[in-house]
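Chemist: See entry28.cif below, with mmCIF, C-alpha atoms.
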```cif
data_upload
loop_
_atom_site.label_atom_id
_atom_site.label_comp_id
_atom_site.auth_asym_id
_atom_site.auth_seq_id
_atom_site.Cartn_x
_atom_site.Cartn_y
_atom_site.Cartn_z
CA MET I 2 -151.82 89.99 4.49
CA SER I 3 -152.93 86.45 3.95
CA ALA I 4 -156.13 85.23 5.55
CA GLY I 5 -155.48 81.62 4.75
CA ALA I 6 -154.09 78.82 6.84
CA GLY I 7 -150.48 79.45 5.79
CA ASP I 8 -148.45 76.27 5.89
CA GLY I 9 -150.73 74.68 8.47
CA ALA I 10 -151.20 71.59 6.31
CA THR I 11 -147.57 70.57 6.81
CA ARG I 12 -146.50 72.35 9.98
CA ASP I 13 -146.90 70.70 13.39
CA TRP I 14 -148.57 73.61 15.13
CA GLY I 15 -148.72 71.74 18.44
CA ARG I 16 -144.95 72.18 18.68
CA VAL I 17 -145.18 75.95 18.18
CA VAL I 18 -144.80 77.26 21.72
CA PRO I 19 -143.45 80.56 23.07
CA GLU I 20 -139.98 80.44 24.57
CA ARG I 21 -139.71 80.92 28.31
CA ARG I 22 -137.67 84.12 28.42
CA GLY I 23 -138.20 87.44 30.11
CA PRO I 24 -138.60 88.60 33.70
CA LEU I 25 -141.48 86.17 34.35
CA ALA I 26 -139.92 83.14 32.66
CA ASP I 27 -140.16 81.10 35.86
CA VAL I 28 -143.89 81.76 36.38
CA THR I 29 -146.67 79.36 35.28
CA VAL I 30 -150.26 80.58 35.14
CA LEU I 31 -153.31 78.31 34.85
CA ASP I 32 -155.73 80.66 33.12
CA LEU I 33 -159.47 79.91 33.12
CA SER I 34 -160.47 83.52 32.48
CA MET I 35 -162.62 84.59 29.54
CA VAL I 36 -163.53 87.57 27.36
CA TRP I 37 -161.25 90.57 28.05
CA ALA I 38 -160.52 91.42 31.68
CA GLY I 39 -158.77 88.22 32.79
CA PRO I 40 -157.18 87.39 29.43
CA TYR I 41 -155.78 90.94 29.27
CA ALA I 42 -154.04 90.47 32.63
CA THR I 43 -152.51 87.17 31.52
CA LYS I 44 -151.61 88.60 28.09
CA LEU I 45 -149.46 91.20 29.84
CA MET I 46 -147.78 88.46 31.85
CA ALA I 47 -147.24 86.33 28.74
CA GLU I 48 -145.44 89.24 27.08
CA MET I 49 -142.99 89.19 30.00
CA GLY I 50 -142.29 85.49 29.51
CA ALA I 51 -144.78 83.78 31.83
CA ARG I 52 -146.06 80.40 30.70
CA ILE I 53 -149.82 80.84 30.34
CA ILE I 54 -151.92 77.68 30.02
CA LYS I 55 -155.24 78.88 28.64
CA LEU I 56 -157.74 76.22 29.73
CA GLU I 57 -161.19 75.99 28.14
CA VAL I 58 -163.94 73.39 28.48
CA ASN I 59 -165.31 72.70 25.01
CA SER I 60 -168.88 73.02 26.29
CA HIS I 61 -168.09 76.46 27.77
CA LEU I 62 -165.48 78.07 25.54
CA ASP I 63 -164.29 81.63 25.86
CA SER I 64 -167.35 83.56 24.71
CA VAL I 65 -165.40 85.85 22.37
CA ARG I 66 -164.50 83.02 20.03
CA GLY I 67 -166.35 83.38 16.74
CA GLY I 68 -168.75 81.13 14.86
CA VAL I 69 -170.90 78.86 16.99
CA ILE I 70 -169.81 80.61 20.18
CA VAL I 71 -171.31 84.04 19.47
CA GLU I 72 -174.30 85.29 17.50
CA PRO I 73 -173.63 85.03 13.74
CA ASP I 74 -173.68 88.80 13.22
CA SER I 75 -171.79 89.69 16.39
CA PRO I 76 -168.83 92.04 15.96
CA LEU I 77 -166.95 89.72 18.32
CA GLY I 78 -166.55 87.44 15.32
CA VAL I 79 -164.35 89.78 13.27
CA TYR I 80 -162.54 87.52 10.83
CA PRO I 81 -159.66 88.02 8.38
CA ASP I 82 -161.12 89.41 5.15
CA GLY I 83 -164.57 89.05 6.75
CA ASN I 84 -164.43 85.31 6.11
CA PRO I 85 -165.26 83.01 9.07
CA GLY I 86 -163.84 80.00 7.23
CA PRO I 87 -164.43 76.40 8.30
CA GLU I 88 -163.25 77.07 11.89
CA PRO I 89 -164.60 80.50 12.84
CA TRP I 90 -163.92 79.87 16.54
CA ASN I 91 -160.23 79.88 15.70
CA ARG I 92 -160.32 82.97 13.45
CA ALA I 93 -162.09 85.51 15.67
CA GLY I 94 -160.02 88.67 16.00
CA TYR I 95 -161.28 89.54 19.49
CA TYR I 96 -160.04 86.22 20.88
CA ASN I 97 -156.81 86.20 18.91
CA LYS I 98 -155.71 89.68 19.99
CA LEU I 99 -155.84 88.75 23.68
CA ASN I 100 -154.39 85.26 23.71
CA ARG I 101 -151.09 85.40 21.81
CA ASN I 102 -148.07 83.88 23.54
CA LYS I 103 -150.34 81.37 25.33
CA LEU I 104 -150.78 77.60 25.31
CA SER I 105 -154.27 76.24 24.59
CA LEU I 106 -155.64 73.27 26.53
CA CYS I 107 -159.23 72.22 25.83
CA MET I 108 -160.31 69.73 28.49
CA ASN I 109 -163.49 68.74 30.31
CA ILE I 110 -162.61 69.55 33.91
CA LEU I 111 -166.04 68.44 35.16
CA HIS I 112 -165.38 64.82 34.21
CA PRO I 113 -163.52 62.87 36.95
CA ALA I 114 -160.56 62.11 34.68
CA GLY I 115 -160.35 65.73 33.54
CA ARG I 116 -160.70 66.91 37.13
CA ALA I 117 -157.72 64.79 38.13
CA VAL I 118 -155.57 66.29 35.37
CA PHE I 119 -156.73 69.80 36.29
CA MET I 120 -155.65 69.29 39.89
CA GLU I 121 -152.22 68.13 38.70
CA LEU I 122 -151.88 71.39 36.76
CA ALA I 123 -153.13 73.43 39.73
CA ALA I 124 -150.52 71.76 41.92
CA LEU I 125 -147.64 73.03 39.81
CA ALA I 126 -149.05 76.47 38.90
CA ASP I 127 -147.78 79.65 40.48
CA VAL I 128 -151.04 81.45 39.65
CA VAL I 129 -154.59 80.20 39.02
CA ILE I 130 -157.01 82.81 37.67
CA GLU I 131 -160.74 82.77 36.87
CA ASN I 132 -163.30 85.50 36.18
CA PHE I 133 -166.57 83.57 36.32
CA GLY I 134 -169.58 84.99 38.11
CA GLY I 135 -169.31 84.98 41.89
CA GLY I 136 -169.43 81.44 43.29
CA VAL I 137 -169.39 79.66 39.91
CA PHE I 138 -165.89 78.19 40.32
CA GLU I 139 -166.82 76.84 43.75
CA ARG I 140 -170.00 75.26 42.39
CA MET I 141 -167.83 73.54 39.78
CA GLY I 142 -166.06 71.86 42.69
CA TYR I 143 -162.99 74.08 42.78
CA GLY I 144 -162.30 77.45 44.40
CA ASP I 145 -159.49 78.70 46.60
CA ALA I 146 -159.79 76.09 49.34
CA VAL I 147 -159.73 73.19 46.88
CA ILE I 148 -156.80 74.57 44.86
CA ARG I 149 -154.86 75.39 48.03
CA GLY I 150 -155.35 71.81 49.18
CA VAL I 151 -152.87 70.67 46.51
CA ASN I 152 -150.86 73.90 46.27
CA PRO I 153 -150.71 75.81 49.58
CA ASP I 154 -148.50 78.58 48.19
CA VAL I 155 -150.52 79.33 45.06
CA VAL I 156 -151.64 82.83 44.06
CA MET I 157 -155.35 82.29 43.48
CA VAL I 158 -157.20 85.06 41.62
CA SER I 159 -160.98 85.32 41.49
CA MET I 160 -162.29 88.36 39.60
CA PRO I 161 -166.10 88.26 39.26
CA PRO I 162 -167.89 91.45 38.15
CA SER I 163 -168.69 92.72 41.65
CA GLY I 164 -166.27 90.68 43.73
CA ASN I 165 -166.97 87.73 46.00
CA GLY I 166 -169.66 88.26 48.61
CA GLY I 167 -172.02 91.17 49.18
CA PRO I 168 -175.57 91.59 47.83
CA GLU I 169 -174.39 91.57 44.20
CA GLY I 170 -171.63 88.99 44.56
CA GLY I 171 -173.45 86.48 42.35
CA TYR I 172 -174.23 88.89 39.53
CA VAL I 173 -172.86 88.35 36.04
CA GLY I 174 -171.65 91.16 33.81
CA TYR I 175 -169.63 92.28 30.82
CA GLY I 176 -167.43 95.33 30.51
CA VAL I 177 -170.33 97.51 29.39
CA ALA I 178 -172.14 96.77 32.66
CA ILE I 179 -168.97 97.20 34.72
CA GLU I 180 -168.39 100.57 33.09
CA GLN I 181 -171.86 101.69 34.13
CA LEU I 182 -171.85 100.18 37.62
CA GLY I 183 -168.44 101.74 38.16
CA GLY I 184 -169.74 105.25 37.48
CA ILE I 185 -167.80 105.90 34.26
CA VAL I 186 -170.82 106.08 31.95
CA HIS I 187 -172.72 108.53 34.16
CA ARG I 188 -169.73 110.88 33.95
CA THR I 189 -169.43 110.62 30.16
CA GLY I 190 -171.52 112.55 27.64
CA TYR I 191 -172.37 116.01 26.35
CA PRO I 192 -173.89 118.89 28.33
CA GLY I 193 -177.64 118.53 28.75
CA GLU I 194 -177.69 115.02 27.32
CA GLY I 195 -177.86 111.54 28.85
CA PRO I 196 -174.99 109.30 29.90
CA MET I 197 -172.84 107.79 27.15
CA LYS I 198 -170.79 104.60 27.20
CA SER I 199 -167.32 104.60 25.76
CA GLY I 200 -166.62 103.22 22.31
CA ILE I 201 -165.02 100.21 23.99
CA ASN I 202 -165.90 98.69 27.33
CA TYR I 203 -163.25 100.19 29.58
CA GLY I 204 -164.37 98.12 32.55
CA ASP I 205 -162.48 95.14 31.12
CA PRO I 206 -158.97 96.53 30.53
CA ILE I 207 -159.16 98.57 33.75
CA ALA I 208 -159.82 95.36 35.67
CA GLY I 209 -157.12 93.53 33.70
CA ILE I 210 -154.45 96.12 34.46
CA HIS I 211 -155.37 96.13 38.16
CA THR I 212 -155.33 92.34 38.29
CA MET I 213 -151.94 92.01 36.65
CA GLY I 214 -150.47 94.47 39.15
CA TYR I 215 -151.97 92.63 42.12
CA ILE I 216 -150.65 89.30 40.83
CA MET I 217 -147.16 90.78 40.59
CA ALA I 218 -147.43 92.05 44.18
CA ALA I 219 -148.61 88.62 45.36
CA LEU I 220 -145.74 86.88 43.56
CA LEU I 221 -143.25 89.27 45.18
CA HIS I 222 -144.85 88.60 48.57
CA ARG I 223 -144.53 84.85 47.97
CA ARG I 224 -140.90 85.22 46.98
CA ARG I 225 -140.17 87.11 50.20
CA THR I 226 -142.28 85.02 52.61
CA GLY I 227 -143.01 81.70 50.89
CA ARG I 228 -146.75 82.28 51.33
CA GLY I 229 -149.37 82.42 48.60
CA SER I 230 -152.39 84.73 48.41
CA PHE I 231 -156.07 84.79 47.52
CA ILE I 232 -156.93 87.85 45.44
CA ASP I 233 -160.62 88.81 45.53
CA MET I 234 -160.70 91.21 42.60
CA SER I 235 -163.87 93.24 41.97
CA GLN I 236 -163.99 94.51 38.40
CA ARG I 237 -166.61 97.07 39.42
CA GLU I 238 -164.47 98.47 42.22
CA ALA I 239 -161.48 98.73 39.88
CA ALA I 240 -163.60 100.87 37.54
CA ILE I 241 -164.62 103.14 40.43
CA CYS I 242 -160.94 103.73 41.20
CA TRP I 243 -160.57 105.14 37.67
CA LEU I 244 -162.92 108.04 38.43
CA GLY I 245 -160.31 109.98 40.34
CA GLU I 246 -161.45 113.16 42.02
CA ASP I 247 -165.16 113.01 41.12
CA VAL I 248 -166.14 110.62 43.91
CA ILE I 249 -164.15 112.58 46.49
CA ASP I 250 -165.68 115.84 45.27
CA HIS I 251 -169.20 114.47 45.70
CA ASP I 252 -168.39 113.05 49.12
CA ARG I 253 -167.07 116.42 50.32
CA THR I 254 -169.50 118.79 48.57
CA GLY I 255 -172.50 116.79 47.36
CA ARG I 256 -171.93 118.01 43.79
CA ILE I 257 -172.71 115.83 40.78
CA PRO I 258 -170.19 116.55 37.98
CA GLU I 259 -171.63 118.00 34.79
CA ARG I 260 -171.10 116.13 31.53
CA ILE I 261 -168.77 118.23 29.42
CA GLY I 262 -168.18 116.26 26.24
CA ASN I 263 -164.66 116.70 24.86
CA ARG I 264 -163.83 119.54 27.20
CA ASP I 265 -161.82 119.29 30.39
CA ARG I 266 -162.55 120.63 33.85
CA VAL I 267 -158.97 121.92 34.23
CA HIS I 268 -157.38 122.45 30.82
CA ALA I 269 -158.85 125.17 28.62
CA PRO I 270 -159.29 125.11 25.76
CA SER I 271 -159.60 121.38 25.26
CA GLY I 272 -161.40 119.49 22.52
CA ALA I 273 -161.37 117.79 19.13
CA TYR I 274 -161.52 120.00 16.05
CA ARG I 275 -162.50 119.07 12.51
CA CYS I 276 -159.78 119.33 9.87
CA ALA I 277 -159.78 119.25 6.08
CA GLY I 278 -160.69 115.87 4.60
CA GLU I 279 -163.28 113.27 5.43
CA ASP I 280 -163.66 112.63 9.17
CA GLU I 281 -160.23 114.11 9.99
CA TRP I 282 -159.73 115.69 13.40
CA VAL I 283 -157.05 117.04 15.68
CA ALA I 284 -157.34 117.09 19.46
CA LEU I 285 -155.56 119.48 21.80
CA ALA I 286 -155.45 120.62 25.40
CA VAL I 287 -153.95 123.79 26.85
CA GLY I 288 -152.66 123.47 30.41
CA SER I 289 -150.59 126.59 30.97
CA LEU I 290 -150.24 130.23 29.95
CA ASP I 291 -147.21 129.41 27.81
CA GLU I 292 -149.23 126.78 25.95
CA TRP I 293 -152.06 129.27 25.41
CA ARG I 294 -149.59 131.77 23.99
CA GLY I 295 -148.26 129.08 21.65
CA LEU I 296 -151.79 128.23 20.52
CA ALA I 297 -152.66 131.88 19.87
CA ARG I 298 -149.57 132.27 17.68
CA ALA I 299 -150.13 128.97 15.90
CA VAL I 300 -153.66 129.89 14.81
CA GLY I 301 -152.62 133.35 13.65
CA ARG I 302 -153.98 135.38 16.57
CA PRO I 303 -150.78 136.53 18.34
CA GLU I 304 -152.58 139.52 19.87
CA LEU I 305 -154.47 137.11 22.16
CA ALA I 306 -151.25 135.69 23.60
CA ASP I 307 -150.87 138.52 26.11
CA ASP I 308 -154.54 139.49 26.44
CA SER I 309 -155.31 139.42 30.17
CA ALA I 310 -158.80 138.04 29.46
CA TYR I 311 -157.19 134.75 28.37
CA ALA I 312 -154.34 134.67 30.88
CA THR I 313 -156.02 132.18 33.23
CA ALA I 314 -157.74 128.85 32.69
CA GLU I 315 -160.85 130.32 34.31
CA GLY I 316 -160.88 133.17 31.80
CA ARG I 317 -160.41 130.77 28.89
CA ARG I 318 -163.15 128.46 30.15
CA ALA I 319 -165.53 131.42 30.23
CA ARG I 320 -164.70 132.07 26.55
CA HIS I 321 -164.49 128.42 25.47
CA ASP I 322 -167.14 128.69 22.76
CA GLU I 323 -165.37 131.69 21.25
CA ILE I 324 -162.00 129.95 21.36
CA ASP I 325 -163.46 126.74 19.86
CA ALA I 326 -164.78 128.74 16.91
CA LEU I 327 -161.36 130.32 16.45
CA ILE I 328 -159.52 127.00 16.49
CA GLY I 329 -162.13 125.30 14.31
CA ALA I 330 -161.83 127.95 11.63
CA TRP I 331 -158.06 127.45 11.58
CA THR I 332 -158.09 123.63 11.53
CA ALA I 333 -160.84 123.41 8.88
CA SER I 334 -158.42 124.35 6.10
CA ARG I 335 -155.57 122.10 7.22
CA ALA I 336 -154.87 118.39 7.14
CA ALA I 337 -154.86 116.83 10.58
CA ASP I 338 -151.15 115.93 10.43
CA GLU I 339 -150.29 119.47 9.33
CA ALA I 340 -152.33 120.97 12.16
CA MET I 341 -150.75 118.67 14.72
CA ALA I 342 -147.22 119.45 13.55
CA GLU I 343 -147.81 123.21 13.62
CA LEU I 344 -149.39 123.12 17.06
CA GLN I 345 -146.60 120.93 18.42
CA ARG I 346 -144.04 123.33 16.93
CA HIS I 347 -145.59 126.03 19.13
CA GLY I 348 -145.53 123.82 22.24
CA VAL I 349 -149.20 122.82 22.23
CA ALA I 350 -150.12 119.26 23.28
CA ALA I 351 -151.95 118.16 20.14
CA GLY I 352 -152.47 114.96 18.22
CA THR I 353 -154.43 113.67 15.27
CA VAL I 354 -157.51 111.63 16.11
CA ALA I 355 -156.17 108.41 14.63
CA SER I 356 -158.42 105.92 12.89
CA GLU I 357 -157.60 102.22 12.90
CA ARG I 358 -156.13 102.54 9.41
CA ARG I 359 -153.98 105.44 10.54
CA LEU I 360 -152.71 103.45 13.52
CA VAL I 361 -151.66 100.50 11.38
CA GLU I 362 -149.95 102.74 8.81
CA ASP I 363 -148.43 105.20 11.30
CA PRO I 364 -144.73 105.67 10.44
CA HIS I 365 -143.77 106.37 14.06
CA LEU I 366 -145.30 103.10 15.27
CA ARG I 367 -143.73 101.25 12.35
CA ALA I 368 -140.33 102.71 13.19
CA ARG I 369 -140.66 101.45 16.77
CA GLY I 370 -141.63 97.98 15.60
CA PHE I 371 -145.02 98.16 17.26
CA TRP I 372 -146.80 96.01 14.64
CA PRO I 373 -145.19 92.55 14.59
CA GLU I 374 -146.53 89.91 12.21
CA VAL I 375 -147.61 86.51 13.48
CA ASP I 376 -148.48 83.29 11.67
CA HIS I 377 -151.71 81.66 12.81
CA PRO I 378 -152.85 78.14 11.90
CA ALA I 379 -156.37 79.26 10.96
CA ALA I 380 -156.11 83.03 10.48
CA GLY I 381 -152.86 83.08 8.49
CA ARG I 382 -150.27 85.84 8.67
CA HIS I 383 -151.49 89.10 10.17
CA LEU I 384 -150.33 92.06 12.22
CA VAL I 385 -150.96 92.38 15.94
CA ALA I 386 -150.46 95.25 18.33
CA GLY I 387 -147.06 94.92 19.93
CA VAL I 388 -145.64 95.44 23.40
CA PRO I 389 -145.84 99.14 24.42
CA TRP I 390 -142.94 99.03 26.87
CA ARG I 391 -139.28 98.15 26.48
CA PHE I 392 -137.20 96.56 29.23
CA SER I 393 -133.51 97.16 28.61
CA ARG I 394 -132.30 93.66 29.52
CA THR I 395 -135.45 91.50 29.34
CA PRO I 396 -137.62 93.03 26.63
CA GLY I 397 -141.15 91.77 26.19
CA ALA I 398 -142.13 90.19 22.89
CA VAL I 399 -144.97 88.82 20.82
CA GLN I 400 -143.53 85.38 20.14
CA THR I 401 -146.49 83.40 18.85
CA ALA I 402 -149.99 83.98 17.57
CA ALA I 403 -152.95 83.02 19.70
CA PRO I 404 -153.37 79.23 19.66
CA VAL I 405 -156.23 77.41 18.01
CA LEU I 406 -158.54 75.47 20.29
CA GLY I 407 -156.65 72.61 21.96
CA GLN I 408 -153.49 73.28 19.96
CA HIS I 409 -151.27 72.37 22.91
CA ASN I 410 -153.28 69.53 24.45
CA ASP I 411 -150.48 67.03 23.87
CA HIS I 412 -147.70 69.46 24.74
CA VAL I 413 -149.21 70.39 28.10
CA LEU I 414 -149.95 66.82 29.11
CA ARG I 415 -146.74 65.29 27.80
CA GLU I 416 -144.11 68.00 28.32
CA ILE I 417 -145.49 69.67 31.46
CA LEU I 418 -147.28 66.83 33.27
CA GLY I 419 -145.20 63.94 31.92
CA LYS I 420 -148.19 61.93 30.65
CA SER I 421 -147.52 58.96 28.39
CA ASP I 422 -148.86 58.68 24.85
CA GLU I 423 -151.23 55.98 26.08
CA GLU I 424 -152.63 58.20 28.84
CA ILE I 425 -153.15 61.07 26.41
CA ALA I 426 -154.82 58.77 23.88
CA SER I 427 -157.19 57.52 26.57
CA LEU I 428 -158.19 61.05 27.55
CA ARG I 429 -158.82 61.85 23.92
CA ALA I 430 -160.82 58.68 23.27
CA THR I 431 -163.15 59.37 26.20
CA GLY I 432 -163.79 62.96 25.08
CA ILE I 433 -161.84 64.60 27.91
CA LEU I 434 -159.55 66.31 25.39
CA GLU I 435 -161.06 68.10 22.40
CA THR I 436 -160.21 70.53 19.62
CA THR I 437 -163.79 71.17 18.44
CA PRO I 438 -166.66 73.04 20.15
CA VAL I 439 -169.16 70.65 21.71
CA GLU I 440 -171.98 72.10 19.58
CA LEU I 441 -170.43 70.51 16.53
CA LEU I 442 -169.88 67.12 18.14
CA GLY I 443 -173.54 66.24 18.57
CA ARG I 444 -173.38 65.77 22.33
#
```
Reformat the file's structure so that it appears as structure tokens.
Modeler:
Amino acid sequence: MSAGAGDGATRDWGRVVPERRGPLADVTVLDLSMVWAGPYATKLMAEMGARIIKLEVNSHLDSVRGGVIVEPDSPLGVYPDGNPGPEPWNRAGYYNKLNRNKLSLCMNILHPAGRAVFMELAALADVVIENFGGGVFERMGYGDAVIRGVNPDVVMVSMPPSGNGGPEGGYVGYGVAIEQLGGIVHRTGYPGEGPMKSGINYGDPIAGIHTMGYIMAALLHRRRTGRGSFIDMSQREAAICWLGEDVIDHDRTGRIPERIGNRDRVHAPSGAYRCAGEDEWVALAVGSLDEWRGLARAVGRPELADDSAYATAEGRRARHDEIDALIGAWTASRAADEAMAELQRHGVAAGTVASERRLVEDPHLRARGFWPEVDHPAAGRHLVAGVPWRFSRTPGAVQTAAPVLGQHNDHVLREILGKSDEEIASLRATGILETTPVELLGR
């Protein structure tokens, strides 16, 4: 896969825009959100055809852009072939994975001229979304009341870390903090050890999924009633909803759940087991007597299939260490794919613990077309994760790569707002429109 700029020297990238097709083709979203949670919600909408105008101020760009935006050694700045290139803010993998199918507008919305253009966009948007800290958007001179003054029927989404209002309403936070404040980290870890965060910050995508669903409900409500909505979305509270029965159990009994590592409180056995090869594993979970019988036969211990000591989940949990040793001895001499196939053949829910390389090369995912290739002005041709669902009549699609900073400045102003070339040139000359981070402009 190329990491170069492709044919960017001759191609007019500003004219590369996603087609408006899909179930949300008539929806326009003015997206001021950053990092993961908000951009994930709008990414899902973009894949269903919504027009997403990703608006950044060049003095406060999305903090997951690479180069001058993040620390030089930050993993947020993962670049093609490890090379940041001359425009690292346009090559960062974290940003590019979340913003495909979107239009990029880089504009100073704190300047009076930029503010006027912003309000024109807000007036025509179906949805306006921001995930700044509580109260930040209002202090910028915007907020729900201001937006609703020009667009009474808008769906306005504000998703600060802990919601709007309350003692912690003004707090800032990333997904790692949301994960902890939401109770997920305290629940995660190994017996007798301290809490453990997940490998990724689940607070972000949890909030993004919730937000996208609430936006869809608000749009349906508007279609039925003609009235817009204000969505006060607490990322922390969304994470708490992910805990399921643990909070209810504590409320009713006062119990604090024990950390159990890879095991499960219901299924037994459950875990990840080392296979032959370097860092190769297979994971499985047994949820019924029939599945236990299949596991016993698969690992060559058919006599255990009808042993009454293993007939219940409670009995198997009491012998979990013994069963883990049995499974581990069997998997140790087998490749992970071989172990998975044999377990599945016996009706056991099992899967290889897939590395990133395995995911990209997976023949099943390739057969389903899950890894489309996009062409990016600064990052070149590369694969991206596809759309995991298929609508029969209006399928989602990855149409375009994430845009470079300000790639669609002219398109948005000319084609959507009807601005003249002279008006656009004036905005550019006064620094309202930009395509370069302010740190590199010397102001």
Chemist: At a cut-off of 8 Å, using all atoms listed in the file, what residues contact stretch 161-171 of chain I? Leave out same-chain residues fewer than 2 positions from it and give the result as an NGL selection string.
Modeler: :I and (132-136 or 159 or 173-175 or 179 or 233-238)
Chemist: Check the smallest atom-to-atom distance from each of I:Gly176, I:Ile216, I:Glu57, I:Ile110 to I:Trp37 using all atoms listed in the file, then report the winner.
Modeler: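 Using all atoms listed in the file, the shortest distance to I:Trp37 belongs to I:Gly176.
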Chemist: Check what the PyMOL selection byres ((chain I and resi 59) around 7) selects in the file above and give those residues as a PyMOL selection string.
Modeler: chain I and resi 57-58+60-62+107-109+435+437-439
Chemist: How would you write, as number ranges by chain, the residues chosen by the PyMOL selection byres ((chain I and resi 408) around 9) on this structure?
Modeler: I: 14-17, 104-107, 404-407, 409-412, 436
Chemist: Return as a PDB file with C-alpha atoms, in the frame of the given file the set of residues that the PyMOL selection byres ((chain I and resi 259) around 12) yields on the displayed structure.
Modeler:
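Once everything was written out, this is result15.pdb:
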```
ATOM      1  CA  HIS I 187    -172.720 108.530  34.160  1.00  0.00           C
ATOM      2  CA  ARG I 188    -169.730 110.880  33.950  1.00  0.00           C
ATOM      3  CA  THR I 189    -169.430 110.620  30.160  1.00  0.00           C
ATOM      4  CA  GLY I 190    -171.520 112.550  27.640  1.00  0.00           C
ATOM      5  CA  TYR I 191    -172.370 116.010  26.350  1.00  0.00           C
ATOM      6  CA  PRO I 192    -173.890 118.890  28.330  1.00  0.00           C
ATOM      7  CA  GLY I 193    -177.640 118.530  28.750  1.00  0.00           C
ATOM      8  CA  GLU I 194    -177.690 115.020  27.320  1.00  0.00           C
ATOM      9  CA  GLY I 195    -177.860 111.540  28.850  1.00  0.00           C
ATOM     10  CA  PRO I 196    -174.990 109.300  29.900  1.00  0.00           C
ATOM     11  CA  ASP I 247    -165.160 113.010  41.120  1.00  0.00           C
ATOM     12  CA  HIS I 251    -169.200 114.470  45.700  1.00  0.00           C
ATOM     13  CA  ARG I 256    -171.930 118.010  43.790  1.00  0.00           C
ATOM     14  CA  ILE I 257    -172.710 115.830  40.780  1.00  0.00           C
ATOM     15  CA  PRO I 258    -170.190 116.550  37.980  1.00  0.00           C
ATOM     16  CA  ARG I 260    -171.100 116.130  31.530  1.00  0.00           C
ATOM     17  CA  ILE I 261    -168.770 118.230  29.420  1.00  0.00           C
ATOM     18  CA  GLY I 262    -168.180 116.260  26.240  1.00  0.00           C
ATOM     19  CA  ARG I 264    -163.830 119.540  27.200  1.00  0.00           C
ATOM     20  CA  ASP I 265    -161.820 119.290  30.390  1.00  0.00           C
ATOM     21  CA  ARG I 266    -162.550 120.630  33.850  1.00  0.00           C
TER      22      ARG I 266
END
```
Chemist: Please return as a list in words every residue within 9 Å of (-160.2, 114.8, 8.6), taking into account only C-alpha atoms and the file's own coordinates.
Modeler: Arg275, Cys276, Ala277, Gly278, Glu279, Asp280, Glu281, Trp282, Val283, Ala333, Arg335, Ala336, Ala337, Thr353 and Val354 of chain I
Chemist: Find the residue from I:Leu99, I:Ser230, I:His347, I:Val36 that sits nearest to I:Pro303; use all atoms listed in the file when measuring.
Modeler: I:His347
Chemist: Out of I:His112, I:Glu121, I:Glu131, I:Glu440, which residue has the shortest atom-to-atom distance to I:Lys420 when counting only C-alpha atoms?
Modeler: I:Glu121
Chemist: For a quick check of your reading of the model, name the residues lying within 9 Å of the coordinate (-148.3, 91.7, 19.8), counting all atoms listed in the file, and write them as a list in words.
Modeler: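 Those residues, ordered by chain and then number, are Glu48, Lys98, Leu99, Arg101, Asn102, Phe371, Trp372, Pro373, Glu374, Val375, Leu384, Val385, Ala386, Gly387, Val388, Ala398, Val399, Gln400, Thr401 and Ala402 of chain I.
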Chemist: So what do you get for atom CA of I:Ala297 versus atom CA of I:Ala355, distance-wise?
Modeler: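 Calculated distance between atom CA of I:Ala297 and atom CA of I:Ala355 is 24.3 Å.
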Chemist: Check the smallest atom-to-atom distance from each of I:Phe119, I:Tyr215, I:Tyr95, I:Phe138 to I:Ser34 using all atoms listed in the file, then report the winner.
Modeler: I:Phe138
Chemist: Need the shell around stretch 38-47 of chain I: protein/DNA/RNA residues with any atom at most 7 Å away, counting all atoms listed in the file. Skip same-chain ones fewer than 2 positions apart. Format as a ChimeraX atom specification?
Modeler: /I:34-36,49-53,99-100,102-103,132,205-206,208-210,212-213
Chemist: Counting only C-alpha atoms, which residue out of I:Arg92, I:Arg224, I:Arg391, I:His383 sits closest to I:Val65?
Modeler: I:Arg92
Chemist: Which is closest to I:Ala350 among I:Ser64, I:Thr332, I:Ser199, I:Ser271, if we use only C-alpha atoms?
Modeler: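 Among the listed residues, the smallest separation from I:Ala350 belongs to I:Ser271.
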Chemist: What does the structure give for the distance between atom CA of I:Ile241 and atom CA of I:Asn202, in Å to one decimal?
Modeler: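 Atom CA of I:Ile241 sits 13.9 Å away from atom CA of I:Asn202.
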Chemist: May I ask for the distance between atom CA of I:Gly432 and atom CA of I:Pro113, given in Å to one decimal place?
Modeler: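 Pair atom CA of I:Gly432 / atom CA of I:Pro113 returns 11.9 Å.
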Chemist: Counting all atoms listed in the file, what is within 9 Å of I:Leu285, bar same-chain residues fewer than 3 positions away, as a PyMOL selection string?
Modeler: chain I and resi 270-274+341+344+349-353
Chemist: Find the spatial neighbours of stretch 423-431 of chain I, counting only C-alpha atoms, within a cut-off of 8 Å - ignore same-chain residues fewer than 6 positions away - and output them as a VMD selection string.
Modeler: chain I and resid 114 to 115 411 414 to 415
Chemist: Report the centre and edge lengths, in Å to one decimal, of an axis-aligned box enclosing every atom of stretch 206-212 of chain I listed in the file, padded by 5 Å on each side, as lines of an AutoDock Vina configuration file.
Modeler:
```
center_x = -157.1
center_y = 95.5
center_z = 34.4
size_x = 15.4
size_y = 16.2
size_z = 17.8
```
Chemist: Would you mind listing, for every residue of stretch 313-411 of chain I within 9 Å of stretch 77-89 of chain I, the two atoms forming the shortest contact and the distance between them in Å to one decimal, using all atoms listed in the file, sorted by chain and ascending residue number, as CSV?
Modeler:
```
residue,atom,partner,partner_atom,distance
I:Ala379,CA,I:Glu88,CA,7.3
I:Ala380,CA,I:Pro81,CA,6.5
I:Gly381,CA,I:Pro81,CA,8.4
I:His383,CA,I:Pro81,CA,8.4
```
